[in-house]
There are 4 protein chains.
Amino acid sequence: MISRTFITLLAVLYLSAVGTSADRHDLRLPVLPDYQIILCDLHSHTVFSDGEVWPSLRVREAFQNGLEALAITDHIEYQPHEKDLPTNLNRSVQIAAWSAKNYMITLIKGAEITRDMPPGHFNALFLNDVNPLKTDEWRDAIKAAADQGAFIFWNHPGWRGQQPDGIAKWYDEQTEILAKGWMHGIEVVNEDEYYPEAHQWCLDKGLTLLGNSDIHGTIAEQYERTPAKHRPMTWVLAKENSEQAIKEALFAHRTVVYWRDWLIGEKPLLAEIFYNSIKLPRPSVQLSSADGAPLKLVNTSDLTFELAHGAIDAGLEIPESVTLPPSSTIILPIQKKKGATLPQMVTLSFVVANFKTAPNQGLPIEWKIAVE
Amino acid sequence: MISRTFITLLAVLYLSAVGTSADRHDLRLPVLPDYQIILCDLHSHTVFSDGEVWPSLRVREAFQNGLEALAITDHIEYQPHEKDLPTNLNRSVQIAAWSAKNYMITLIKGAEITRDMPPGHFNALFLNDVNPLKTDEWRDAIKAAADQGAFIFWNHPGWRGQQPDGIAKWYDEQTEILAKGWMHGIEVVNEDEYYPEAHQWCLDKGLTLLGNSDIHGTIAEQYERTPAKHRPMTWVLAKENSEQAIKEALFAHRTVVYWRDWLIGEKPLLAEIFYNSIKLPRPSVQLSSADGAPLKLVNTSDLTFELAHGAIDAGLEIPESVTLPPSSTIILPIQKKKGATLPQMVTLSFVVANFKTAPNQGLPIEWKIAVE
Amino acid sequence: MISRTFITLLAVLYLSAVGTSADRHDLRLPVLPDYQIILCDLHSHTVFSDGEVWPSLRVREAFQNGLEALAITDHIEYQPHEKDLPTNLNRSVQIAAWSAKNYMITLIKGAEITRDMPPGHFNALFLNDVNPLKTDEWRDAIKAAADQGAFIFWNHPGWRGQQPDGIAKWYDEQTEILAKGWMHGIEVVNEDEYYPEAHQWCLDKGLTLLGNSDIHGTIAEQYERTPAKHRPMTWVLAKENSEQAIKEALFAHRTVVYWRDWLIGEKPLLAEIFYNSIKLPRPSVQLSSADGAPLKLVNTSDLTFELAHGAIDAGLEIPESVTLPPSSTIILPIQKKKGATLPQMVTLSFVVANFKTAPNQGLPIEWKIAVE
Amino acid sequence: MISRTFITLLAVLYLSAVGTSADRHDLRLPVLPDYQIILCDLHSHTVFSDGEVWPSLRVREAFQNGLEALAITDHIEYQPHEKDLPTNLNRSVQIAAWSAKNYMITLIKGAEITRDMPPGHFNALFLNDVNPLKTDEWRDAIKAAADQGAFIFWNHPGWRGQQPDGIAKWYDEQTEILAKGWMHGIEVVNEDEYYPEAHQWCLDKGLTLLGNSDIHGTIAEQYERTPAKHRPMTWVLAKENSEQAIKEALFAHRTVVYWRDWLIGEKPLLAEIFYNSIKLPRPSVQLSSADGAPLKLVNTSDLTFELAHGAIDAGLEIPESVTLPPSSTIILPIQKKKGATLPQMVTLSFVVANFKTAPNQGLPIEWKIAVE
């Protein structure tokens with residue numbers, strides 16, 4: 001047959017070309033009061049550098065995976081297909097535009113500055129023209145991106161291809177780039193790797209947290225549609241889903257990284273996601289006439305929450321830990337200690353172990369519960 | 001080891017006995033303006049008639065399956081285990097009560113009057129005492145239920161054990177029972193069977209639609225947690241989740257039957273579910289400067305919607321049919337016919353084929369879309 | 001990072017480049033006495049015509065899907081990417097060769113002659129050089145393939161792009177091509193379509209049956225790893241897995257098409273697959289002292305078998321139909337008719353409904369069972 | 001409706017009662033030269049002690065889970081249902097017999113002697129009559145089992161209900177029981193717990209290794225049909241599937257415990273399973289003219305194999321670890337070290353990390369490979 005993508009070039013068969021792509025599964029997330037959560041992957045490759053897919057497929061895959069925005073960031077200096085595909089650094093994004101419009105994906109024009117470590121690889125997003133970034137000197141390349149107002153981040157700082165021990169290291173070059181205002185964020189997650197050092201640097205230096213797939217082959221061969229194995233994402237908390245609003249949010253550090261069943265982000269953002277996801281239909285327990293009573297917790301989101309209990313009111317016993325799978329209801333059994341007298345209100349404190357506010361730090365939360 | 005259910009009888013181990021039953025998966029449904037949707041199974045058996053599970057397991061299974069209310073309706077006249085379990089018709093519900101309280105399941109005391117056809121089997125719900133229903137004459141049994149204010153419905157009218165051709169038949173006995181005010185609903189779905197004749201009778205005679213599992217073994221061996229293979233349910237649209245509110249709603253016919261990927265119910269209820277489930281983030285298409293344009297449909301529920309298009313505005317072409325899987329976004333491609341001039345607003349009309357307002361009748365819906 | 005495929009060009013990192021591709025799932029099939037079953041897809045596209053993947057990905061995908069041989073058959077006359085990828089008709093197979101060697105996939109060099117209907121599209125396999133097939137006249141193109149000893153088959157004869165009613169039609173051109181010895185087989189299955197007319201033509205004219213994916217995008221977005229939704233395949237019954245042995249088998253018509261849960265093929269081949277897949281550990285039933293007794297059937301393969309019973313010995317009752325899922329054991333309940341006297345041996349006759357020996361014809365099979 | 005189990009009591013409806021239980025999925029295991037692998041669960045409960053299912057369901061569940069033999073081992077001293085089900089210690093197995101015959105499951109009559117620690121709980125299998133085991137003194141109970149020739153094993157020695165720290169402890173009572181010849185094995189796995197101390201005791205004292213579910217509720221709510229989450233099993237390597245042969249094998253210590261993706265057993269048995277599961281279709285690598293070459297490993301079983309490489313021939317590099325999922329083919333990339341000269345045959349040594357021959361000890365294996 002003839003591929004669906006090209007059928008449109010032959011005739012006015014818009015219907016057949018777009019199809020009704022029924023297999024997009026949306027990730028259900030809470031509605032936040034001030035921002036939309038825009039699901040992004042800000043690092044991806046096509047056949048126009050060393051990827052193995054045509055740009056149209058990269059966009060359709062993003063749609064099927066539930067993303068709302070995608071950056072195509074082909075390598076500038078690494079073009080192993082150039083014998084077959086003569087270099088045009090703007091071409092992959094140009095080809096992807098038709099698909100992006102029809103799948104309603106916000107397409108971000110990017111490029112990967114691909115240099116030895118230090119300083120390593122950097123992504124530049126929101127470029128007008130990639131060609132000025134093709135320079136001999138890496139400083140010139142990053143400057144050319146900055147001159148276009150690009151959002152620039154350091155990629156996979158602990159990648160074993162450049163750091164054989166897998167540990168991210170901060171070089172003088174990094175200090176220089178940061179001082180010049182050329183580094184706005186760091187990938188704390190790339191593909192299946194998490195870099196705790198980079199996580200701490202972002203906190204210390206006020207940089208934006210990023211987590212991306214850096215996909216070269218296909219998402220389907222590396223990831224699944226499960227909380228534990230999904231494609232890594234950068235969630236951008238933006239005023240709306242547009243290139244401009246995403247750019248504003250990135251520069252303002254309003255991101256959360258979604259990796260395995262972790263959320264990595266600043267405490268206020270994670271807390272907002274938590275309290276808007278978990279509902280207590282009736283925040284009270286009937287303990288006056290019984291030794292134990294159930295408390296119902298409802299997880300309205302597609303996220304997993306791993307709660308470990310923290311300090312606890314004297315007189316109460318609760319399970320040491322509890323997991324709320326996606327879209328589930330949990331009965332939390334609450335038990336009165338033998339002979340205890342309870343106040344009218346008790347506080348249940350937990351740490352959300354898989355919500356990382358810093359390396360090895362979960363998000364503390366609490367609920368106040370009436371005792372009936 | 002020792003079973004979790006009984007550990008509580010030994011000591012004050014409330015925590016261990018209830019556990020944190022993490023595997024309850026909730027079905028995401030739209031929030032309706034006037035009523036809660038209470039997920040019920042109103043027909044089930046335990047070892048106290050011919051079922052194969054202890055009452056505590058029947059309740060825990062209901063919780064795990066996402067139900068909010070369960071009726072245990074053991075056979076009165078059919079007690080094959082009586083040699084081992086001497087009959088006590090109120091006992092299964094009595095045993096189930098502890099589990100129901102702790103899993104926060106609304107437990108409804110019922111019984112199945114189990115007679116030859118006609119008149120066949122009837123379930124009576126909201127009983128105080130099952131014993132008066134144990135009579136020689138079927139009329140006396142149904143009357144004894146009615147005298148307790150029970151909600152009474154005719155079970156599986158086309159069951160092949162009583163109707164070898166699988167076709168439900170209306171007998172003089174049914175006319176009599178209805179005239180006496182003893183029949184308030186009919187099972188249009190039982191286990192994996194749908195009875196179109198019964199569906200029509202409910203519409204014609206103003207009876208409540210019911211769909212139940214009639215489970216004897218375990219839900220897990222017969223059903224899956226997928227839209228196509230889930231346990232059949234009666235959804236009761238009630239003011240709150242309480243026995244009293246469910247009873248009021250059943251007598252008021254506010255039910256929807258959920259079977260495979262079908263919803264069976266009255267047109268206004270199904271329409272309310274539809275329009276609260278499907279969102280159009282931007283109800284407009286940019287067709288002034290293009291031959292085709294995408295329209296985004298978002299299914300925020302865990303239901304499947306199978307749309308077949310109905311009458312369509314002159315000048316437009318849309319796909320003949322489109323399926324919206326649970327929690328998905330669909331891009332509906334809309335194409336302008338060659339040379340057509342479009343009005344400022346167009347109407348897209350569909351029939352939701354799997355929402356059955358009558359045998360073989362889907363629910364008609366429409367959207368008005370701006371043309372930019 | 002840098003794509004795995006290209007890492008080898010940088011350094012002697014053979015290990016990293018090939019990886020250990022753990023996600024290949026093998027389809028378990030019976031061992032046949034005379035031939036190996038070679039799982040093939042003989043119709044696929046890459047970015048070098050209108051496909052959306054680089055040749056290396058097409059090969060890796062074939063490995064992951066459990067295939068043992070793959071033909072890449074890019075369109076000759078349809079080259080929508082040619083602005084970016086200047087045409088070289090031999091290039092996609094040339095690039096794929098490195099991957100094929102390392103994933104131990106037998107790679108077959110093919111091309112798709114892409115003409116209006118009649119005569120439509122034809123695949124030519126086992127080519128040395130595709131360039132001579134690029135001609136103005138379709139006869140010259142097919143002849144050029146035949147001159148290289150190619151195995152040539154007619155593709156998707158009922159494709160709606162060329163047959164709007166979806167029904168395959170036989171033209172004078174087809175008669176001519178067949179008479180000249182230029183047509184050796186027909187696709188009875190292409191992507192998700194089955195053409196019963198083509199199936200009958202293969203039987204009538206002694207042509208090889210083929211079933212292929214004709215994949216342009218990715219297998220993962222269209223298919224699943226389930227019996228009902230797997231990628232369509234041509235199984236070639238060959239002396240060994242080599243290009244030469246596959247070619248010999250194709251010319252000798254030793255193929256079976258695997259589509260959904262169907263096998264399409266000649267009766268002897270399907271019977272051989274059946275009897276080598278299903279085992280009766282103890283072919284006897286103890287009916288002398290009971291009304292009913294179980295018979296155990298074991299499906300040792302990953303195929304599904306749908307048995308509908310045929311003529312049956314007087315005195316016996318068995319279920320009307322029975323399905324044996326992949327890798328399962330079934331207990332077939334056998335019942336003696338009331339008052340019947342049984343012989344020492346009885347015959348159970350079935351039709352394997354999903355093994356198609358002709359359009360609408362299943363495979364008849366039988367077992368002889370001792371009565372104890 | 002009326003439950004399938006009881007329909008047979010009403011009429012000669014053998015067919016309907018047994019049904020065709022299509023959902024049994026067999027675990028594919030290698031064929032061993034001397035023994036059959038009989039999949040057993042030797043510890044289970046029904047409503048006749050503190051279980052939550054009727055005996056017929058316990059048997060059907062065993063069939064559906066692919067088991068070939070099941071022991072029902074209701075508690076003797078713990079009968080929380082006795083108010084409803086007056087005690088008859090032989091009754092649960094008696095009821096299960098009809099189902100066992102029709103599902104062709106070997107049913108083993110057992111009982112659980114349920115005492116405080118020490119000596120804790122013991123299962124006795126192959127009993128004729130459970131009643132003599134109901135004694136005041138635990139010694140009398142175990143002796144009564146031994147007098148019937150029972151196979152007796154110590155249950156869950158580290159169960160937190162009796163050992164709050166989860167660590168199995170050996171008491172004087174254990175020494176006494178062993179000395180009297182009353183203890184033939186120990187559960188090294190019970191439900192989701194593994195007891196390394198018990199594993200070592202079995203090795204040191206020549207006791208049979210056992211691993212069982214100890215199921216009270218349903219298998220479906222605790223386990224899945226995946227290698228990582230399946231029901232724990234004791235595999236008995238017996239001459240045939242019969243009660244007698246299973247008993248002989250248990251006394252002869254021919255068992256392997258299957259838990260999560262682990263096999264726990266003696267080295268020769270595990271080695272036999274390994275070498276009969278993994279095939280090398282062509283045990284050679286073409287390294288004379290290349291730096292690297294692929295070696296194909298085929299896992300023909302439904303087991304998972306986690307290989308970590310051991311000592312390795314100078315001159316070769318292979319991946320540090322490789323996992324072979326069920327029914328998969330792996331390409332093992334083998335690389336020649338720079339400048340190395342290789343002998344004609346090389347040895348690849350691995351440890352199968354998930355095949356436990358002792359606590360923390362995997363199974364060493366090796367292959368000899370030709371260098372071409």
# chains A, B, ... in the order shown; residues from 1 in each chain; ligands from 1
call {"tool": "interface_residues", "arguments": {"of": "chain C", "to": "chain D", "cutoff": "10 Å", "atoms": "only C-alpha atoms", "output": "PyMOL selection string"}}
result
chain C and resi 12-28+63-64+66+101-104+290-296+298-301+317-319+321-338
call {"tool": "residues_around", "arguments": {"residues": "stretch 81-98 of chain B", "least_positions_apart": "4", "cutoff": "6 Å", "atoms": "only C-alpha atoms", "output": "NGL selection string"}}
result
(:B and (55-56 or 130)) or (:D and (84-85))
call {"tool": "closest_residue", "arguments": {"among": "A:Ala249, A:Leu178, A:Val47, A:Leu39", "to": "A:Ala71", "atoms": "only C-alpha atoms"}}
result
A:Leu39
call {"tool": "decode", "arguments": {"residues": "stretch 34-178 of chain B", "atoms": "C-alpha atoms", "output": "mmCIF file, in the first residue's frame"}}
result
data_model
loop_
_atom_site.group_PDB
_atom_site.id
_atom_site.type_symbol
_atom_site.label_atom_id
_atom_site.label_comp_id
_atom_site.auth_asym_id
_atom_site.auth_seq_id
_atom_site.Cartn_x
_atom_site.Cartn_y
_atom_site.Cartn_z
ATOM 1 C CA ASP B 34 -27.858 15.953 40.708
ATOM 2 C CA TYR B 35 -26.866 12.438 41.666
ATOM 3 C CA GLN B 36 -23.980 10.240 42.649
ATOM 4 C CA ILE B 37 -23.424 7.147 40.531
ATOM 5 C CA ILE B 38 -23.388 4.235 43.001
ATOM 6 C CA LEU B 39 -21.843 1.089 41.470
ATOM 7 C CA CYS B 40 -23.875 -1.911 42.643
ATOM 8 C CA ASP B 41 -24.138 -5.622 42.110
ATOM 9 C CA LEU B 42 -27.570 -6.621 43.346
ATOM 10 C CA HIS B 43 -27.417 -10.388 42.855
ATOM 11 C CA SER B 44 -24.774 -12.653 44.405
ATOM 12 C CA HIS B 45 -24.400 -15.969 46.218
ATOM 13 C CA THR B 46 -22.252 -17.454 48.961
ATOM 14 C CA VAL B 47 -21.663 -20.918 50.402
ATOM 15 C CA PHE B 48 -24.888 -20.367 52.345
ATOM 16 C CA SER B 49 -26.808 -21.397 49.230
ATOM 17 C CA ASP B 50 -24.940 -22.756 46.179
ATOM 18 C CA GLY B 51 -22.100 -20.260 45.983
ATOM 19 C CA GLU B 52 -18.497 -21.257 46.497
ATOM 20 C CA VAL B 53 -17.210 -18.424 48.697
ATOM 21 C CA TRP B 54 -17.603 -17.339 52.293
ATOM 22 C CA PRO B 55 -19.565 -14.070 52.713
ATOM 23 C CA SER B 56 -16.453 -12.105 53.783
ATOM 24 C CA LEU B 57 -14.795 -12.892 50.450
ATOM 25 C CA ARG B 58 -17.848 -11.764 48.505
ATOM 26 C CA VAL B 59 -17.580 -8.342 50.162
ATOM 27 C CA ARG B 60 -13.816 -7.988 49.734
ATOM 28 C CA GLU B 61 -14.181 -8.928 46.069
ATOM 29 C CA ALA B 62 -16.828 -6.209 45.657
ATOM 30 C CA PHE B 63 -14.416 -3.696 47.161
ATOM 31 C CA GLN B 64 -11.564 -4.820 44.923
ATOM 32 C CA ASN B 65 -13.825 -4.560 41.856
ATOM 33 C CA GLY B 66 -14.675 -0.948 42.657
ATOM 34 C CA LEU B 67 -18.271 -1.526 43.760
ATOM 35 C CA GLU B 68 -19.860 0.677 46.384
ATOM 36 C CA ALA B 69 -22.833 -1.507 47.244
ATOM 37 C CA LEU B 70 -23.536 -5.241 47.184
ATOM 38 C CA ALA B 71 -26.629 -7.347 47.714
ATOM 39 C CA ILE B 72 -26.157 -10.914 48.912
ATOM 40 C CA THR B 73 -29.131 -12.860 47.662
ATOM 41 C CA ASP B 74 -28.751 -16.516 48.522
ATOM 42 C CA HIS B 75 -31.373 -18.946 47.225
ATOM 43 C CA ILE B 76 -34.137 -19.681 49.713
ATOM 44 C CA GLU B 77 -35.408 -22.952 48.235
ATOM 45 C CA TYR B 78 -32.104 -24.248 46.876
ATOM 46 C CA GLN B 79 -29.635 -25.142 49.609
ATOM 47 C CA PRO B 80 -27.307 -27.844 48.300
ATOM 48 C CA HIS B 81 -24.826 -27.336 51.143
ATOM 49 C CA GLU B 82 -27.418 -27.805 53.883
ATOM 50 C CA LYS B 83 -25.981 -31.134 54.978
ATOM 51 C CA ASP B 84 -22.812 -29.269 55.999
ATOM 52 C CA LEU B 85 -24.230 -25.821 56.700
ATOM 53 C CA PRO B 86 -27.574 -26.160 58.485
ATOM 54 C CA THR B 87 -29.895 -23.552 57.066
ATOM 55 C CA ASN B 88 -30.178 -20.104 58.545
ATOM 56 C CA LEU B 89 -31.443 -17.801 55.852
ATOM 57 C CA ASN B 90 -30.193 -14.614 57.493
ATOM 58 C CA ARG B 91 -26.729 -15.901 58.249
ATOM 59 C CA SER B 92 -24.718 -15.015 55.120
ATOM 60 C CA VAL B 93 -25.556 -11.312 55.357
ATOM 61 C CA GLN B 94 -24.941 -11.382 59.099
ATOM 62 C CA ILE B 95 -21.418 -12.732 58.580
ATOM 63 C CA ALA B 96 -20.721 -10.260 55.753
ATOM 64 C CA ALA B 97 -21.579 -7.239 57.901
ATOM 65 C CA TRP B 98 -18.176 -6.931 59.602
ATOM 66 C CA SER B 99 -16.338 -6.885 56.285
ATOM 67 C CA ALA B 100 -18.845 -4.482 54.755
ATOM 68 C CA LYS B 101 -18.348 -2.010 57.569
ATOM 69 C CA ASN B 102 -14.579 -2.125 57.253
ATOM 70 C CA TYR B 103 -14.442 -1.985 53.466
ATOM 71 C CA MET B 104 -17.120 0.743 53.521
ATOM 72 C CA ILE B 105 -19.381 -1.235 51.219
ATOM 73 C CA THR B 106 -23.117 -0.678 51.556
ATOM 74 C CA LEU B 107 -24.432 -4.177 52.194
ATOM 75 C CA ILE B 108 -28.004 -4.936 51.153
ATOM 76 C CA LYS B 109 -29.796 -7.898 52.668
ATOM 77 C CA GLY B 110 -31.559 -9.837 49.962
ATOM 78 C CA ALA B 111 -32.739 -13.290 49.015
ATOM 79 C CA GLU B 112 -33.563 -15.145 45.821
ATOM 80 C CA ILE B 113 -37.013 -16.702 45.589
ATOM 81 C CA THR B 114 -36.156 -19.693 43.422
ATOM 82 C CA ARG B 115 -39.177 -21.169 41.644
ATOM 83 C CA ASP B 116 -39.940 -22.962 38.398
ATOM 84 C CA MET B 117 -40.888 -20.817 35.407
ATOM 85 C CA PRO B 118 -43.448 -19.308 35.553
ATOM 86 C CA PRO B 119 -42.905 -17.177 37.427
ATOM 87 C CA GLY B 120 -39.179 -18.054 37.690
ATOM 88 C CA HIS B 121 -36.664 -16.506 40.073
ATOM 89 C CA PHE B 122 -37.130 -13.184 41.882
ATOM 90 C CA ASN B 123 -34.754 -11.193 44.052
ATOM 91 C CA ALA B 124 -36.071 -9.301 47.040
ATOM 92 C CA LEU B 125 -33.813 -6.580 48.458
ATOM 93 C CA PHE B 126 -33.807 -4.598 51.719
ATOM 94 C CA LEU B 127 -35.340 -7.439 53.755
ATOM 95 C CA ASN B 128 -35.420 -7.448 57.538
ATOM 96 C CA ASP B 129 -35.868 -11.181 57.893
ATOM 97 C CA VAL B 130 -35.614 -13.777 55.137
ATOM 98 C CA ASN B 131 -37.394 -16.530 57.045
ATOM 99 C CA PRO B 132 -40.993 -15.458 56.274
ATOM 100 C CA LEU B 133 -40.183 -15.889 52.556
ATOM 101 C CA LYS B 134 -39.679 -19.629 53.001
ATOM 102 C CA THR B 135 -43.147 -20.765 51.993
ATOM 103 C CA ASP B 136 -44.692 -23.505 49.880
ATOM 104 C CA GLU B 137 -46.524 -21.170 47.537
ATOM 105 C CA TRP B 138 -44.533 -18.716 45.442
ATOM 106 C CA ARG B 139 -47.261 -16.060 45.857
ATOM 107 C CA ASP B 140 -46.814 -16.236 49.603
ATOM 108 C CA ALA B 141 -43.066 -15.829 49.260
ATOM 109 C CA ILE B 142 -43.269 -12.741 47.064
ATOM 110 C CA LYS B 143 -46.010 -11.279 49.238
ATOM 111 C CA ALA B 144 -43.876 -11.801 52.335
ATOM 112 C CA ALA B 145 -41.128 -9.793 50.651
ATOM 113 C CA ALA B 146 -43.513 -7.049 49.561
ATOM 114 C CA ASP B 147 -44.878 -6.873 53.091
ATOM 115 C CA GLN B 148 -41.359 -5.959 54.268
ATOM 116 C CA GLY B 149 -41.237 -3.128 51.719
ATOM 117 C CA ALA B 150 -38.713 -4.991 49.599
ATOM 118 C CA PHE B 151 -37.604 -3.909 46.145
ATOM 119 C CA ILE B 152 -38.450 -6.965 44.040
ATOM 120 C CA PHE B 153 -37.197 -7.808 40.568
ATOM 121 C CA TRP B 154 -37.523 -10.662 38.129
ATOM 122 C CA ASN B 155 -34.196 -12.402 37.554
ATOM 123 C CA HIS B 156 -32.682 -13.573 34.242
ATOM 124 C CA PRO B 157 -36.002 -13.980 32.372
ATOM 125 C CA GLY B 158 -34.299 -15.660 29.393
ATOM 126 C CA TRP B 159 -32.015 -18.023 31.334
ATOM 127 C CA ARG B 160 -31.601 -21.223 29.312
ATOM 128 C CA GLY B 161 -32.055 -23.330 32.443
ATOM 129 C CA GLN B 162 -35.689 -22.239 32.307
ATOM 130 C CA GLN B 163 -36.044 -20.976 28.710
ATOM 131 C CA PRO B 164 -34.084 -23.394 26.518
ATOM 132 C CA ASP B 165 -34.273 -21.027 23.517
ATOM 133 C CA GLY B 166 -32.821 -18.158 25.547
ATOM 134 C CA ILE B 167 -35.794 -15.895 24.812
ATOM 135 C CA ALA B 168 -37.569 -14.216 27.712
ATOM 136 C CA LYS B 169 -41.341 -14.816 27.800
ATOM 137 C CA TRP B 170 -44.050 -12.891 29.618
ATOM 138 C CA TYR B 171 -46.555 -15.136 31.439
ATOM 139 C CA ASP B 172 -49.920 -14.524 33.072
ATOM 140 C CA GLU B 173 -48.096 -14.930 36.362
ATOM 141 C CA GLN B 174 -45.934 -11.942 35.467
ATOM 142 C CA THR B 175 -49.048 -9.883 34.723
ATOM 143 C CA GLU B 176 -50.466 -10.889 38.097
ATOM 144 C CA ILE B 177 -47.294 -10.063 40.023
ATOM 145 C CA LEU B 178 -47.013 -6.695 38.314
#
